[in-house]
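Written out below as structure tokens is the structure these notes cover.
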Amino acid sequence: ATYTNSGKNTKGVTFKLTSDITLNENVLNADGTLNETNASSFVEWVPIGTATMGVKAGVVIEEAISSDLIDIEHKKFEGIFDGQENSIKGLYINKGIVWEQALLSNNYGVVKNITLEDSYIHAEGQFSAGIVGTNKGLVENCVNNSTISRGDYWAWAAGIVGQNFGIVKACTNKGNVLTPTGFIAGVVALNNGTVFECLNEADLSGGSNMIAGVVAQNNPNADVLSCTNEGNITGINYIGGIVGYSYAKIIGCRNEGVIFGTHYVGGISGYTKNN
């Protein structure tokens, strides 16, 4: 994190975990909720590639979407982060309206072979996730077994990637994604790229709109391919085993969970438009 956030160029640089890393101990209770008794002693994580961001004139930050962002200072991660099948345990983030909170705020390179365990990530801003906030590269063979939490603020959150413009491949979510307002998924919240051979094993619920096992919203020209949901998904509107709301292709996917909702509910897609 220090290497990237100090402004050094990471393009062509490979970072490897040679063993498991424990940042804090006993961050989560047995039910996946935050261990609030010890929370004041936890050392808070600063995401790799943390950005200083603002919004366009006239936009209320609580209502901002990705196109409203002004990138004041963005420390890009463009290298290779290889976890070598090791785990990062005890990562702790507890923020207000801050965007792209995850192990890595952004990825323009490759992030692979990492498991996140016993960790808690909470932020009111957009695109919180376990592994990468915004992905414009490759995220492969990563596992989230931690809790991603959001408050009442309307925002996207997911177990692996918050917002995807690149490729998310062979990743698994086993952790909680908690929200009172919806817009959550096990793997990717907002997909503008390709999500391939990914799996959600967790039960997901909370709030109203766009709750799904794999992708909450699949945008035009994006793909969700050969993915599986095994969790039970509960919400009100646009609730799907694979995708909550889709504008694009969903191919070769399988749902094995029970899907509960009121309007636009489906085993594969809650709602598919223009397709």
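By convention here, the chains of the structure tokens are called A, B, ... in the order presented, each chain's residues are numbered starting at 1, and ligands are numbered starting at 1 in the order presented.
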
For the contact check between region 116-167 of chain A and region 183-192 of chain A, emit one row per residue of region 116-167 of chain A within 8 Å, containing the shortest atom pair and the distance in Å rounded to one decimal, counting only C-alpha atoms, chain then rising number order, as JSON lines.
{"residue": "A:Phe127", "atom": "CA", "partner": "A:Ala189", "partner_atom": "CA", "distance": 7.4}
{"residue": "A:Trp154", "atom": "CA", "partner": "A:Phe183", "partner_atom": "CA", "distance": 7.8}
{"residue": "A:Ala155", "atom": "CA", "partner": "A:Phe183", "partner_atom": "CA", "distance": 6.6}
{"residue": "A:Trp156", "atom": "CA", "partner": "A:Phe183", "partner_atom": "CA", "distance": 5.2}
{"residue": "A:Ala157", "atom": "CA", "partner": "A:Ile184", "partner_atom": "CA", "distance": 5.0}
{"residue": "A:Ala158", "atom": "CA", "partner": "A:Ala185", "partner_atom": "CA", "distance": 4.9}
{"residue": "A:Gly159", "atom": "CA", "partner": "A:Gly186", "partner_atom": "CA", "distance": 4.9}
{"residue": "A:Ile160", "atom": "CA", "partner": "A:Val187", "partner_atom": "CA", "distance": 4.8}
{"residue": "A:Val161", "atom": "CA", "partner": "A:Val188", "partner_atom": "CA", "distance": 4.9}
{"residue": "A:Gly162", "atom": "CA", "partner": "A:Ala189", "partner_atom": "CA", "distance": 5.1}
{"residue": "A:Gln163", "atom": "CA", "partner": "A:Leu190", "partner_atom": "CA", "distance": 4.8}
{"residue": "A:Asn164", "atom": "CA", "partner": "A:Asn191", "partner_atom": "CA", "distance": 4.9}
{"residue": "A:Phe165", "atom": "CA", "partner": "A:Asn192", "partner_atom": "CA", "distance": 4.8}
{"residue": "A:Gly166", "atom": "CA", "partner": "A:Asn192", "partner_atom": "CA", "distance": 7.5}

Any idea what's packed within 8 Å of Gly96 (chain A), counting only C-alpha atoms, ignoring anything in its chain fewer than 4 positions away? Could you give it as a list in words?
Ala123, Glu124 and Gly125 of chain A

From A:Tyr92, A:Val258, A:Leu34, A:Thr194, residue lying nearest Leu178 (chain A) [only C-alpha atoms]:
A:Leu34

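As for CA of Thr172 (chain A) and CA of Ile97 (chain A), they are spaced 26.9 Å apart.
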
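The closest residue to Ser105 (chain A), picked from A:Asn221, A:Ser269, A:Thr50, A:Asn24 and counting only C-alpha atoms, is A:Thr50.
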
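Here CA of Asn232 (chain A) and CA of Thr33 (chain A) stand 18.6 Å from one another.
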
Which residues come within 12 Å of Thr37 (chain A), counting only C-alpha atoms, excluding same-chain residues fewer than 5 positions away, as a short mmCIF file (atom, residue, chain, number, x, y, z; two decimals) with C-alpha atoms, in the first residue's frame?
data_model
loop_
_atom_site.label_atom_id
_atom_site.label_comp_id
_atom_site.auth_asym_id
_atom_site.auth_seq_id
_atom_site.Cartn_x
_atom_site.Cartn_y
_atom_site.Cartn_z
CA ASN A 26 -10.82 -11.41 15.91
CA VAL A 27 -12.35 -8.65 13.79
CA LEU A 28 -15.59 -10.57 13.24
CA ASN A 29 -17.91 -12.37 15.60
CA PHE A 42 -8.14 -2.24 15.43
#
